[in-house]
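What follows is the content of run23.csv (CSV, C-alpha atoms and all ligand atoms).
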```csv
chain,number,residue,atom,x,y,z
B,246,MET,CA,-0.4,-23.7,-16.9
B,247,THR,CA,1.6,-20.6,-17.4
B,248,GLN,CA,4.0,-20.5,-14.4
B,249,PRO,CA,6.3,-17.7,-13.4
B,250,SER,CA,9.8,-18.8,-14.2
B,251,ASN,CA,10.8,-20.1,-10.8
B,252,ASN,CA,7.8,-22.3,-10.0
B,253,HIS,CA,9.2,-23.5,-6.7
B,254,LYS,CA,8.8,-20.0,-5.3
B,255,GLY,CA,5.6,-18.8,-3.7
B,256,VAL,CA,3.4,-16.2,-5.5
B,257,ILE,CA,2.9,-12.9,-3.8
B,258,PHE,CA,0.1,-10.6,-4.8
B,259,SER,CA,-0.4,-7.1,-3.4
B,260,GLY,CA,-2.2,-4.0,-4.5
B,261,MET,CA,-2.5,-0.3,-3.7
B,262,ARG,CA,-5.2,2.1,-4.5
B,263,PRO,CA,-3.9,4.8,-6.8
B,264,THR,CA,-3.8,7.7,-4.4
B,265,GLY,CA,-1.0,9.5,-6.2
B,266,LEU,CA,2.4,10.3,-4.6
B,267,LEU,CA,3.3,7.9,-1.8
B,268,HIS,CA,4.4,9.1,1.6
B,269,LEU,CA,7.0,7.9,4.1
B,270,GLY,CA,4.4,5.8,5.9
B,271,ASN,CA,3.5,3.9,2.7
B,272,TYR,CA,7.2,3.3,2.1
B,273,MET,CA,8.1,2.0,5.5
B,274,GLY,CA,4.8,0.2,5.9
B,275,ALA,CA,4.5,-1.6,2.6
B,276,LEU,CA,6.7,-0.5,-0.3
B,277,GLN,CA,10.0,-1.3,1.2
B,278,ASN,CA,8.7,-4.8,2.0
B,279,TRP,CA,7.5,-5.3,-1.6
B,280,VAL,CA,11.0,-4.6,-2.8
B,281,THR,CA,12.6,-7.1,-0.4
B,282,LEU,CA,10.0,-9.8,-1.2
B,283,GLN,CA,11.1,-9.9,-4.8
B,284,GLU,CA,14.2,-11.9,-3.7
B,285,ASP,CA,12.1,-14.9,-2.4
B,286,TYR,CA,8.8,-14.8,-4.3
B,287,ASN,CA,7.3,-14.3,-7.7
B,288,CYS,CA,5.7,-11.0,-7.0
B,289,ILE,CA,2.7,-9.4,-8.7
B,290,TYR,CA,2.0,-5.8,-7.8
B,291,CYS,CA,-1.1,-4.1,-8.9
B,292,ALA,CA,-2.5,-0.5,-9.1
B,293,VAL,CA,-6.1,-1.2,-8.2
B,294,ASP,CA,-8.0,1.4,-10.2
B,295,ILE,CA,-11.3,-0.4,-10.1
B,296,HIS,CA,-11.2,-0.4,-6.3
B,297,ALA,CA,-10.6,3.3,-6.5
B,298,LEU,CA,-13.9,3.6,-8.2
B,299,THR,CA,-15.8,2.3,-5.2
B,300,THR,CA,-15.3,5.7,-3.4
B,301,VAL,CA,-15.3,8.3,-6.2
B,302,GLU,CA,-17.5,11.3,-5.3
B,303,SER,CA,-16.7,13.8,-8.1
B,304,SER,CA,-15.5,14.1,-11.7
B,305,GLU,CA,-12.2,15.4,-10.1
B,306,ASP,CA,-11.7,12.1,-8.5
B,307,ILE,CA,-12.2,10.4,-11.9
B,308,LYS,CA,-9.7,12.7,-13.6
B,309,SER,CA,-7.1,12.0,-11.0
B,310,ILE,CA,-7.1,8.2,-11.4
B,311,LYS,CA,-4.7,8.0,-14.4
B,312,PRO,CA,-2.1,10.6,-13.2
B,313,ASN,CA,-2.3,9.1,-9.7
B,314,ILE,CA,-1.4,5.6,-11.1
B,315,GLU,CA,1.6,7.1,-12.9
B,316,ASP,CA,2.8,9.0,-9.8
B,317,MET,CA,2.4,5.9,-7.6
B,318,VAL,CA,4.0,3.5,-10.0
B,319,LEU,CA,7.0,5.9,-10.4
B,320,ASP,CA,7.4,5.7,-6.6
B,321,TRP,CA,7.3,1.9,-6.8
B,322,LEU,CA,9.9,1.7,-9.5
B,323,ALA,CA,12.1,4.3,-7.8
B,324,ALA,CA,12.0,2.4,-4.5
B,325,GLY,CA,13.2,-0.7,-6.3
B,326,VAL,CA,10.2,-2.7,-7.5
B,327,ASP,CA,11.8,-4.3,-10.5
B,328,PRO,CA,9.7,-5.0,-13.6
B,329,GLU,CA,12.3,-7.6,-14.7
B,330,LYS,CA,11.6,-9.6,-11.6
B,331,SER,CA,8.0,-8.8,-10.8
B,332,ILE,CA,4.8,-8.2,-12.7
B,333,VAL,CA,3.7,-4.6,-12.3
B,334,PHE,CA,0.3,-3.8,-13.8
B,335,VAL,CA,-3.0,-1.9,-13.6
B,336,GLN,CA,-6.1,-3.8,-12.4
B,337,SER,CA,-8.4,-2.6,-15.2
B,338,HIS,CA,-6.0,-3.8,-17.9
B,339,VAL,CA,-6.9,-7.3,-17.0
B,340,PRO,CA,-10.7,-7.4,-17.4
B,341,GLU,CA,-10.9,-11.1,-16.4
B,342,VAL,CA,-10.8,-9.9,-12.8
B,343,MET,CA,-14.3,-8.5,-13.2
B,344,SER,CA,-15.6,-11.8,-14.5
B,345,LEU,CA,-14.0,-13.7,-11.6
B,346,HIS,CA,-15.5,-11.1,-9.2
B,347,THR,CA,-19.0,-11.8,-10.6
B,348,LEU,CA,-18.5,-15.6,-10.3
B,349,LEU,CA,-17.1,-15.4,-6.8
B,350,SER,CA,-20.1,-13.2,-5.8
B,351,MET,CA,-22.2,-16.3,-6.3
B,352,VAL,CA,-20.5,-18.1,-3.4
B,353,THR,CA,-20.2,-15.1,-1.0
B,354,PRO,CA,-23.0,-14.6,1.6
B,355,LEU,CA,-23.9,-10.9,1.9
B,356,GLY,CA,-23.5,-11.1,5.7
B,357,TRP,CA,-19.8,-11.9,5.3
B,358,LEU,CA,-19.4,-8.6,3.5
B,359,THR,CA,-21.5,-6.3,5.6
B,360,ARG,CA,-19.8,-7.4,8.8
B,361,VAL,CA,-16.3,-6.4,7.6
B,362,PRO,CA,-15.1,-3.5,9.8
B,363,THR,CA,-13.6,-1.6,6.8
B,364,PHE,CA,-17.0,-1.7,5.2
B,365,LYS,CA,-18.8,-0.2,8.2
B,366,ASP,CA,-16.0,2.5,8.4
B,367,LYS,CA,-16.3,3.4,4.7
B,368,VAL,CA,-20.1,3.7,4.9
B,369,ARG,CA,-19.8,6.0,7.8
B,370,GLN,CA,-17.0,8.1,6.2
B,371,MET,CA,-19.0,8.5,3.0
B,372,HIS,CA,-22.1,9.6,5.0
B,373,GLU,CA,-24.0,6.7,3.5
B,374,THR,CA,-26.1,3.9,5.1
B,375,GLU,CA,-26.1,0.2,4.3
B,376,GLU,CA,-29.2,0.9,2.2
B,377,THR,CA,-27.8,3.7,0.0
B,378,VAL,CA,-24.2,2.6,-0.4
B,379,ASN,CA,-23.0,1.3,-3.7
B,380,TYR,CA,-23.2,-2.4,-4.4
B,381,GLY,CA,-19.6,-2.0,-5.6
B,382,LEU,CA,-18.4,-1.0,-2.1
B,383,VAL,CA,-20.1,-4.0,-0.5
B,384,GLY,CA,-18.3,-6.2,-2.9
B,385,TYR,CA,-14.9,-4.6,-2.4
B,386,PRO,CA,-13.4,-7.6,-0.6
B,387,VAL,CA,-14.8,-10.0,-3.3
B,388,LEU,CA,-12.9,-8.0,-6.0
B,389,GLN,CA,-9.8,-8.1,-3.8
B,390,THR,CA,-10.2,-11.9,-3.5
B,391,ALA,CA,-10.5,-12.0,-7.3
B,392,ASP,CA,-7.3,-10.0,-7.6
B,393,ILE,CA,-5.4,-12.4,-5.5
B,394,ILE,CA,-6.7,-15.8,-6.7
B,395,LEU,CA,-6.8,-14.9,-10.4
B,396,TYR,CA,-3.0,-15.4,-10.1
B,397,LYS,CA,-3.3,-18.3,-7.6
B,398,ALA,CA,-1.2,-16.2,-5.2
B,399,ASP,CA,-0.6,-17.9,-1.9
B,400,THR,CA,0.9,-14.9,0.1
B,401,VAL,CA,-0.4,-11.4,0.5
B,402,PRO,CA,1.7,-8.8,2.2
B,403,VAL,CA,-0.7,-6.3,3.9
B,404,GLY,CA,-1.0,-4.1,6.9
B,405,GLN,CA,-3.0,-5.0,10.0
B,406,ASP,CA,-6.1,-3.2,8.7
B,407,GLN,CA,-6.4,-5.6,5.8
B,408,ILE,CA,-6.4,-8.8,7.9
B,409,PRO,CA,-10.3,-9.1,7.8
B,410,HIS,CA,-10.2,-8.9,4.0
B,411,ILE,CA,-7.7,-11.7,3.7
B,412,GLU,CA,-9.7,-13.7,6.2
B,413,LEU,CA,-12.7,-13.3,4.0
B,414,SER,CA,-10.7,-14.3,0.9
B,415,ARG,CA,-9.8,-17.5,2.7
B,416,GLU,CA,-13.4,-18.2,3.4
B,417,ILE,CA,-14.4,-17.5,-0.2
B,418,VAL,CA,-11.7,-19.8,-1.4
B,419,ARG,CA,-12.6,-22.6,1.0
B,420,ARG,CA,-16.2,-22.3,-0.2
B,421,PHE,CA,-15.3,-22.3,-3.8
B,422,ASN,CA,-13.0,-25.3,-3.5
B,423,ASN,CA,-15.6,-27.2,-1.5
B,424,LEU,CA,-18.3,-26.6,-4.1
B,425,PHE,CA,-16.4,-26.8,-7.3
B,426,GLY,CA,-13.3,-28.8,-6.5
B,427,GLU,CA,-9.8,-27.9,-5.3
B,428,THR,CA,-8.8,-24.9,-7.5
B,429,PHE,CA,-7.2,-22.1,-5.5
B,430,PRO,CA,-4.7,-22.0,-2.7
B,431,GLU,CA,-5.9,-20.3,0.5
B,432,PRO,CA,-4.1,-17.0,0.5
B,433,GLN,CA,-2.1,-16.2,3.7
B,434,ALA,CA,-1.7,-12.7,4.9
B,435,LYS,CA,1.9,-11.7,5.5
B,436,LEU,CA,2.0,-9.0,8.1
B,437,THR,CA,4.7,-6.4,7.5
B,438,GLU,CA,6.9,-5.8,10.6
B,439,ALA,CA,7.4,-2.1,10.1
B,440,PRO,CA,7.7,0.8,12.5
B,441,LEU,CA,4.4,2.7,12.7
B,442,ILE,CA,5.1,6.1,11.2
B,443,LEU,CA,3.1,8.9,12.8
B,444,GLY,CA,2.3,12.0,10.9
B,445,LEU,CA,3.5,15.6,11.5
B,446,ASP,CA,0.7,16.0,14.1
B,447,GLY,CA,2.6,13.4,16.2
B,448,GLN,CA,-0.8,11.8,17.0
B,449,ASN,CA,-2.2,9.9,14.0
B,450,LYS,CA,-0.7,7.4,11.6
B,451,MET,CA,0.8,9.3,8.6
B,452,SER,CA,-1.9,9.8,6.0
B,453,LYS,CA,-2.6,11.9,3.0
B,454,THR,CA,-6.2,12.6,4.0
B,455,LEU,CA,-5.0,14.0,7.3
B,456,ASP,CA,-2.4,16.1,5.5
B,457,ASN,CA,0.2,15.1,8.1
B,458,HIS,CA,2.5,13.3,5.6
B,459,LEU,CA,5.9,13.6,4.0
B,460,ASP,CA,5.9,12.6,0.3
B,461,LEU,CA,8.8,10.4,-0.8
B,462,ALA,CA,9.0,12.5,-4.0
B,463,SER,CA,9.3,15.9,-2.4
B,464,THR,CA,12.4,18.0,-2.8
B,465,PRO,CA,14.7,18.1,0.2
B,466,GLU,CA,13.6,21.7,0.8
B,467,GLU,CA,9.9,20.8,0.9
B,468,THR,CA,10.7,17.9,3.3
B,469,SER,CA,12.6,20.2,5.7
B,470,LYS,CA,10.0,22.8,5.5
B,471,ARG,CA,7.2,20.4,6.4
B,472,LEU,CA,9.2,18.9,9.2
B,473,LEU,CA,9.6,22.3,10.8
B,474,THR,CA,5.8,22.3,11.2
B,475,ALA,CA,5.8,19.0,13.2
B,476,PHE,CA,4.4,18.8,16.7
B,477,THR,CA,7.0,18.0,19.4
B,478,ASP,CA,6.7,17.8,23.2
B,479,PRO,CA,3.9,20.3,23.9
B,480,GLN,CA,5.3,20.9,27.4
B,481,ARG,CA,8.5,22.4,25.9
B,482,LEU,CA,7.4,25.9,25.5
B,483,ARG,CA,10.9,27.5,25.8
B,484,ARG,CA,14.2,26.2,24.7
B,485,ASP,CA,15.4,25.7,28.3
B,486,ASP,CA,12.5,23.5,29.2
B,487,PRO,CA,13.7,19.9,29.3
B,488,GLY,CA,12.0,17.8,26.7
B,489,ARG,CA,10.5,14.3,26.7
B,490,PRO,CA,11.8,12.5,23.7
B,491,GLU,CA,9.8,9.4,24.4
B,492,ILE,CA,6.6,11.3,23.6
B,493,CYS,CA,8.0,13.2,20.6
B,494,ASN,CA,7.6,12.0,17.1
B,495,ILE,CA,10.7,13.7,15.9
B,496,TYR,CA,12.6,11.5,18.3
B,497,SER,CA,10.8,8.4,16.8
B,498,LEU,CA,12.0,9.5,13.4
B,499,HIS,CA,15.6,9.8,14.7
B,500,LYS,CA,15.3,6.3,16.0
B,501,ILE,CA,14.6,5.1,12.5
B,502,PHE,CA,16.7,7.3,10.4
B,503,SER,CA,19.6,8.5,12.5
B,504,GLY,CA,22.4,6.2,13.8
B,505,PRO,CA,22.4,4.9,17.4
B,506,GLU,CA,25.0,7.5,18.5
B,507,ALA,CA,23.0,10.4,17.1
B,508,VAL,CA,19.9,8.9,18.9
B,509,LYS,CA,21.7,9.0,22.2
B,510,THR,CA,22.9,12.5,21.6
B,511,VAL,CA,19.3,13.7,20.7
B,512,TYR,CA,18.0,12.0,23.9
B,513,ASP,CA,20.6,13.5,26.2
B,514,GLU,CA,20.5,17.0,24.7
B,515,CYS,CA,16.7,17.1,24.6
B,516,THR,CA,16.3,16.0,28.2
B,517,ALA,CA,19.1,18.4,29.3
B,518,ALA,CA,17.4,21.3,27.3
B,519,THR,CA,20.7,21.9,25.4
B,520,ARG,CA,19.0,21.1,22.0
B,521,GLY,CA,16.2,23.2,20.5
B,522,CYS,CA,13.4,21.6,18.6
B,523,VAL,CA,14.1,23.6,15.5
B,524,ASP,CA,17.7,22.3,15.3
B,525,CYS,CA,16.5,18.9,16.1
B,526,LYS,CA,14.0,19.0,13.2
B,527,ARG,CA,16.7,20.3,10.8
B,528,HIS,CA,18.9,17.4,12.0
B,529,ILE,CA,16.2,14.8,11.2
B,530,ALA,CA,15.4,16.5,7.9
B,531,ASP,CA,19.0,16.2,6.8
B,532,ASN,CA,19.1,12.5,7.7
B,533,LEU,CA,15.8,11.7,6.1
B,534,ASN,CA,16.8,13.6,2.9
B,535,ASP,CA,20.0,11.6,2.8
B,536,TYR,CA,18.1,8.4,3.3
B,537,LEU,CA,15.7,9.3,0.4
B,538,ARG,CA,18.3,10.8,-2.0
B,539,GLU,CA,18.9,7.7,-4.2
B,540,LEU,CA,15.2,7.0,-4.5
B,541,ARG,CA,14.5,10.5,-5.5
B,542,GLU,CA,17.3,10.5,-8.1
B,543,ARG,CA,16.1,7.3,-9.6
B,544,ARG,CA,12.6,8.7,-9.7
B,545,GLU,CA,13.8,11.8,-11.6
B,546,ASP,CA,15.7,9.6,-14.1
B,547,LEU,CA,12.7,7.4,-14.7
B,548,LYS,CA,10.3,10.3,-15.0
B,549,ALA,CA,12.5,11.8,-17.6
B,550,LYS,CA,12.0,8.8,-19.9
B,551,PRO,CA,9.0,9.5,-22.1
B,552,GLY,CA,6.4,6.7,-21.9
B,553,TYR,CA,8.5,4.6,-19.6
B,554,VAL,CA,5.9,3.9,-16.9
B,555,GLN,CA,3.2,3.3,-19.5
B,556,GLU,CA,5.4,0.8,-21.3
B,557,ILE,CA,6.1,-1.1,-18.0
B,558,LEU,CA,2.4,-1.2,-17.2
B,559,HIS,CA,1.6,-2.4,-20.7
B,560,GLU,CA,4.1,-5.2,-20.6
B,561,GLY,CA,3.0,-6.1,-17.0
B,562,GLY,CA,-0.6,-6.2,-18.1
B,563,LYS,CA,0.2,-8.6,-20.9
B,564,LYS,CA,2.0,-11.0,-18.5
B,565,ALA,CA,-0.8,-10.8,-15.9
B,566,ARG,CA,-3.5,-11.3,-18.5
B,567,THR,CA,-1.9,-14.5,-19.8
B,568,ILE,CA,-2.2,-16.0,-16.3
B,569,ALA,CA,-5.6,-14.6,-15.8
B,570,ILE,CA,-7.1,-16.0,-19.0
B,571,GLU,CA,-5.9,-19.5,-18.0
B,572,THR,CA,-7.4,-19.3,-14.5
B,573,LEU,CA,-10.7,-17.9,-15.7
B,574,ALA,CA,-11.0,-20.8,-18.2
B,575,GLU,CA,-10.5,-23.3,-15.4
B,576,VAL,CA,-13.1,-21.5,-13.3
B,577,TYR,CA,-15.6,-21.6,-16.3
B,578,TYR,CA,-15.0,-25.3,-16.6
B,579,LYS,CA,-15.4,-26.0,-12.8
B,580,MET,CA,-18.5,-23.9,-12.5
B,581,GLY,CA,-20.1,-25.7,-15.5
B,582,LEU,CA,-19.9,-22.8,-17.9
B,583,SER,CA,-17.7,-24.5,-20.5
L,601,LIG,N1,-7.7,-3.2,-0.2
L,601,LIG,C1,-6.3,-2.9,-0.3
L,601,LIG,C2,-6.0,-1.6,0.5
L,601,LIG,O1,-6.9,-0.7,0.6
L,601,LIG,C3,-5.8,-2.8,-1.7
L,601,LIG,C4,-6.0,-4.1,-2.5
L,601,LIG,C5,-6.8,-4.3,-3.5
L,601,LIG,C6,-5.2,-5.2,-2.2
L,601,LIG,N2,-6.6,-5.6,-3.9
L,601,LIG,C7,-5.6,-6.2,-3.2
L,601,LIG,C8,-4.2,-5.6,-1.3
L,601,LIG,C9,-5.1,-7.5,-3.2
L,601,LIG,C10,-3.7,-6.9,-1.3
L,601,LIG,C11,-4.2,-7.8,-2.3
L,601,LIG,O2,-4.9,-1.4,0.9
L,602,LIG,FE1,11.5,16.4,20.2
L,602,LIG,FE2,13.9,16.9,19.4
L,602,LIG,FE3,12.3,18.8,20.5
L,602,LIG,FE4,13.3,16.8,22.0
L,602,LIG,S1,14.5,18.4,21.0
L,602,LIG,S2,11.2,17.6,22.0
L,602,LIG,S3,13.3,15.1,20.6
L,602,LIG,S4,12.1,17.8,18.5
```
Do you think you could lay out the structure here as C-alpha cells?
Ligand code: TRP
Ligand code: SF4
Amino acid sequence: MTQPSNNHKGVIFSGMRPTGLLHLGNYMGALQNWVTLQEDYNCIYCAVDIHALTTVESSEDIKSIKPNIEDMVLDWLAAGVDPEKSIVFVQSHVPEVMSLHTLLSMVTPLGWLTRVPTFKDKVRQMHETEETVNYGLVGYPVLQTADIILYKADTVPVGQDQIPHIELSREIVRRFNNLFGETFPEPQAKLTEAPLILGLDGQNKMSKTLDNHLDLASTPEETSKRLLTAFTDPQRLRRDDPGRPEICNIYSLHKIFSGPEAVKTVYDECTAATRGCVDCKRHIADNLNDYLRELRERREDLKAKPGYVQEILHEGGKKARTIAIETLAEVYYKMGLS
C-alpha cells in the first residue's frame, strides 16, 4: 500500500466546491482549520469540480469552473495550505473517483439519498422536483463518500451542514465492509469550532450568493468600502442614540479581530453614544485589513508566478492518483471484478 510518509498519523480528507474567491466566513469556518490540521494529520484537500457540475444551470457556470478553481486554490495556498505537507488536487484529475462512485451506488439505497436535508433544499432551490432533478444531484453524497474513502481517510473536517453527508458515508462504508469484507475505515466528521461569521446584512451567515460577504483577496480599500455598507443597530438613527453592541455584527467582528481592550472601548463608547458607527466600521476595517495583510501579500506573490497553481495541482493529482489506483484495485478484487 502506498502510505503517506507518516503512517501513524490519521488521514484527513476535505473538499470545497470551486466557487471562486473565498470570503472571511470560509476562512474562519474551514480554511484556517485546514491549515492547522496539517500539523497532526496527513491532509488531502480537494477542489471538487465534479460536484460543481451537479448544479450548473448555464454555459457561464461551466466557463467559470476552471478560473474558480484557480482563485480558490490561490486562497488556500495563501492561507497556509502547504503542498509540501498536504496533497492539494482537483477531483476530476483522479477519474478513479467516478468508478468508485458507481460501485458504491450499488450498495446505497435510494431512500438514504432522498431523505438527506441538503438534497431536499437543493431540489427546492433549483426549482426542480424529485422527479425532474438530475440523477447526479441525488448521488452527490455517494460521490462525496467516494472522495473520502478512495484515500481511506478517517477524519473529515466539515461544518454542521455536512454532518448528514458524513453520517451517510459511514452507513455506506458499514454496508460495504459487511458485504465485501473490512476495507474502509468509517470516516468521522470533525466539527470545526469556529465563530459564526455573519454577513454585512448582520442577519445571515456570510455567503457569496447573498452578496453579504468580504472576500479574503479584496484590497484593503474594497474591504473598508464594503464594511461601510454593513448593517448595525437599527435603533441607532442618530449619533447620540446609545447603541446595542450585543446585537451589532460590527461588534461581533471586533470581538474576533480587535484586542480585548479595544472591544471594551467599543462597548463603552457605543453604549454611551460617544462613538459613531462610521468610525466604528473604519476601526474594524483597519484591524481586519491588518489581520489579512500577510495572506494577501502571499497571494499576490503566488499569483505572480506563472503556472504555479497548475503545477501544484498537477503534482497533487499525481500523488492522489497513486493512492486512488491502489484502492480501486482492492475494491475490484473485493467486489469480484478482478
Ligand atoms: N459537499 C461539500 C460541501 O458542499 C464538499 C465536499 C465534496 C466534501 N466532497 C467532500 C467535503 C469530501 C468533505 C469531504 O461543502
Ligand atoms: Fe455597532 Fe459600533 Fe455602531 Fe455600536 S458603534 S452600533 S458596535 S457599529
Q. Nearest to ligand LIG 601 (chain L): which of B:Asn287, B:Gln407, B:Thr300, B:Thr374 is it, counting all atoms listed in the file?
A.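 Nearest to ligand LIG 601 (chain L): B:Gln407.
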(Q) As a quick test: using all atoms listed in the file, which residues lie no more than 12 Å away from ligand LIG 602 (chain L)? Give them as a PyMOL selection string. (A) chain B and resi 445+447+472-500+507-530
Q: Give the residue list for ligand LIG 601 (chain L) at 7 Å, counting all atoms listed in the file, as a PyMOL selection string, sorted by chain and then by residue number.
A: chain B and resi 258-262+293+296+389-390+392-393+401-403+407
(Q) Which residue is closest to Phe502 (chain B)? Choose from B:Ile408, B:Ala398, B:Ile442, B:Leu413 and count all atoms listed in the file. (A)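 Of B:Ile408, B:Ala398, B:Ile442, B:Leu413, the one nearest Phe502 (chain B) is B:Ile442, counting all atoms listed in the file.
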Q: Measure the distance from CA of Asn532 (chain B) to CA of Ala439 (chain B) in Å and round it to one decimal.
A: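 Atom-to-atom, CA of Asn532 (chain B) and CA of Ala439 (chain B) are spaced 18.9 Å apart.
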Q.
Report, in Å to a single decimal, how far apart CA of Lys254 (chain B) and CA of Ile289 (chain B) are.
A.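 Distance between the two atoms: 12.7 Å.
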Can you check which parts of region 384-442 of chain B lie within 9 Å of region 333-344 of chain B? Per residue, the shortest pair of atoms and distance in Å to one decimal, counting all atoms listed in the file, sorted by chain and number, as CSV.
```
residue,atom,partner,partner_atom,distance
B:Leu388,CA,B:Met343,CA,7.4
B:Ala391,CA,B:Val342,CA,5.9
B:Asp392,CA,B:Val342,CA,6.3
B:Leu395,CA,B:Val342,CA,6.8
```
Q: Have a look at CA of Glu329 (chain B) and CA of Lys564 (chain B) and let me know their distance in Å, one decimal.
A: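 Answer for the CA of Glu329 (chain B) to CA of Lys564 (chain B) separation: 11.5 Å.
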Q | Which of B:Leu547, B:Asn457, B:Met351, B:Pro432 sits closest to Gly444 (chain B) [using only C-alpha atoms] | A |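 Of B:Leu547, B:Asn457, B:Met351, B:Pro432, the one nearest Gly444 (chain B) is B:Asn457, counting only C-alpha atoms.
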Q.
I want to know what sits within 10 Å of region 415-421 of chain B, based on all atoms listed in the file, with residues of the same chain fewer than 3 positions away left out; could you give that as a PyMOL selection string?
A. chain B and resi 348-354+357+386-387+390-391+394+409-412+424-434+576+579-580
(Q) I'd like the neighbourhood of Met273 (chain B) as an MDAnalysis selection string, where a residue qualifies if any of its atoms comes within 10 Å (using only C-alpha atoms), though same-chain residues fewer than 5 positions away should be ignored. (A) chainID B and resid 268 278 437:442
Find the residues around Ala324 (chain B) up to 10 Å (all atoms listed in the file counted), leave out those fewer than 2 positions away in its own chain, and share them as a compact mmCIF listing (two decimals) with C-alpha atoms, in the coordinates of the input.
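Output contents, as saved in selection_4.txt:
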```
# COMPACT_ATOMS: atom_id res chain seq x y z
CA TYR B 272 7.20 3.30 2.10
CA LEU B 276 6.70 -0.50 -0.30
CA GLN B 277 10.00 -1.30 1.20
CA TRP B 279 7.50 -5.30 -1.60
CA VAL B 280 11.00 -4.60 -2.80
CA VAL B 318 4.00 3.50 -10.00
CA LEU B 319 7.00 5.90 -10.40
CA ASP B 320 7.40 5.70 -6.60
CA TRP B 321 7.30 1.90 -6.80
CA LEU B 322 9.90 1.70 -9.50
CA VAL B 326 10.20 -2.70 -7.50
CA ASP B 327 11.80 -4.30 -10.50
CA LEU B 461 8.80 10.40 -0.80
CA LEU B 537 15.70 9.30 0.40
CA GLU B 539 18.90 7.70 -4.20
CA LEU B 540 15.20 7.00 -4.50
CA ARG B 541 14.50 10.50 -5.50
CA ARG B 543 16.10 7.30 -9.60
CA ARG B 544 12.60 8.70 -9.70
```
Q.
I'd like the contact shell of Gln370 (chain B) - 12 Å cut-off, all atoms listed in the file, skipping same-chain residues fewer than 5 positions apart - returned as a ChimeraX atom specification.
A. /B:300,302,363-365,378,454
Within 8 Å of Leu267 (chain B), counting all atoms listed in the file, which residues qualify if same-chain residues fewer than 2 places away don't, as a short mmCIF file (atom, residue, chain, number, x, y, z; two decimals) with C-alpha atoms, in the coordinates of the input?
```
data_model
loop_
_atom_site.label_atom_id
_atom_site.label_comp_id
_atom_site.auth_asym_id
_atom_site.auth_seq_id
_atom_site.Cartn_x
_atom_site.Cartn_y
_atom_site.Cartn_z
CA THR B 264 -3.80 7.70 -4.40
CA GLY B 265 -1.00 9.50 -6.20
CA LEU B 269 7.00 7.90 4.10
CA ASN B 271 3.50 3.90 2.70
CA TYR B 272 7.20 3.30 2.10
CA MET B 317 2.40 5.90 -7.60
CA ASP B 320 7.40 5.70 -6.60
CA ASP B 460 5.90 12.60 0.30
CA LEU B 461 8.80 10.40 -0.80
CA ALA B 462 9.00 12.50 -4.00
#
```
(Q) With distances taken over all atoms listed in the file, which residue among B:Glu375, B:Asp535, B:Glu284, B:Glu545 lies nearest Pro465 (chain B)? (A) B:Asp535
Q) Which of these residues is nearest to Thr400 (chain B), using only C-alpha atoms: B:Ile307, B:Cys291, B:Val256, B:Leu533? A) B:Val256
Q. Between B:Ala275, B:Ile295, B:Val301, B:Ile501, which has the minimum distance to Gly404 (chain B) (counting all atoms listed in the file)?
A.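 Looking at the shortest contact to Gly404 (chain B), the residue is B:Ala275.
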With the input short on atoms, add N, CA, C and O atoms back to region 355-364 of chain B and write it as an mmCIF file, in the frame of the given file.
```
data_model
loop_
_atom_site.group_PDB
_atom_site.id
_atom_site.type_symbol
_atom_site.label_atom_id
_atom_site.label_comp_id
_atom_site.auth_asym_id
_atom_site.auth_seq_id
_atom_site.Cartn_x
_atom_site.Cartn_y
_atom_site.Cartn_z
ATOM 1 N N LEU B 355 -23.936 -12.367 1.709
ATOM 2 C CA LEU B 355 -23.900 -10.900 1.900
ATOM 3 C C LEU B 355 -23.475 -10.561 3.355
ATOM 4 O O LEU B 355 -22.749 -9.582 3.547
ATOM 5 N N GLY B 356 -23.867 -11.381 4.323
ATOM 6 C CA GLY B 356 -23.500 -11.100 5.700
ATOM 7 C C GLY B 356 -22.001 -11.091 5.953
ATOM 8 O O GLY B 356 -21.505 -10.344 6.792
ATOM 9 N N TRP B 357 -21.270 -11.917 5.187
ATOM 10 C CA TRP B 357 -19.800 -11.900 5.300
ATOM 11 C C TRP B 357 -19.263 -10.534 4.954
ATOM 12 O O TRP B 357 -18.243 -10.096 5.496
ATOM 13 N N LEU B 358 -19.914 -9.883 3.997
ATOM 14 C CA LEU B 358 -19.400 -8.600 3.500
ATOM 15 C C LEU B 358 -19.812 -7.431 4.373
ATOM 16 O O LEU B 358 -19.015 -6.527 4.625
ATOM 17 N N THR B 359 -21.045 -7.448 4.858
ATOM 18 C CA THR B 359 -21.500 -6.300 5.600
ATOM 19 C C THR B 359 -20.940 -6.280 7.048
ATOM 20 O O THR B 359 -20.953 -5.257 7.712
ATOM 21 N N ARG B 360 -20.398 -7.428 7.491
ATOM 22 C CA ARG B 360 -19.800 -7.400 8.800
ATOM 23 C C ARG B 360 -18.333 -7.011 8.854
ATOM 24 O O ARG B 360 -17.734 -6.858 9.918
ATOM 25 N N VAL B 361 -17.731 -6.820 7.681
ATOM 26 C CA VAL B 361 -16.300 -6.400 7.600
ATOM 27 C C VAL B 361 -16.144 -5.009 8.181
ATOM 28 O O VAL B 361 -16.843 -4.094 7.768
ATOM 29 N N PRO B 362 -15.224 -4.832 9.145
ATOM 30 C CA PRO B 362 -15.100 -3.500 9.800
ATOM 31 C C PRO B 362 -14.762 -2.373 8.795
ATOM 32 O O PRO B 362 -15.290 -1.270 8.951
ATOM 33 N N THR B 363 -13.927 -2.661 7.785
ATOM 34 C CA THR B 363 -13.600 -1.600 6.800
ATOM 35 C C THR B 363 -14.832 -1.132 6.055
ATOM 36 O O THR B 363 -14.936 0.014 5.649
ATOM 37 N N PHE B 364 -15.775 -2.060 5.850
ATOM 38 C CA PHE B 364 -17.000 -1.700 5.200
ATOM 39 C C PHE B 364 -17.825 -0.721 6.000
ATOM 40 O O PHE B 364 -18.237 0.345 5.535
#
```
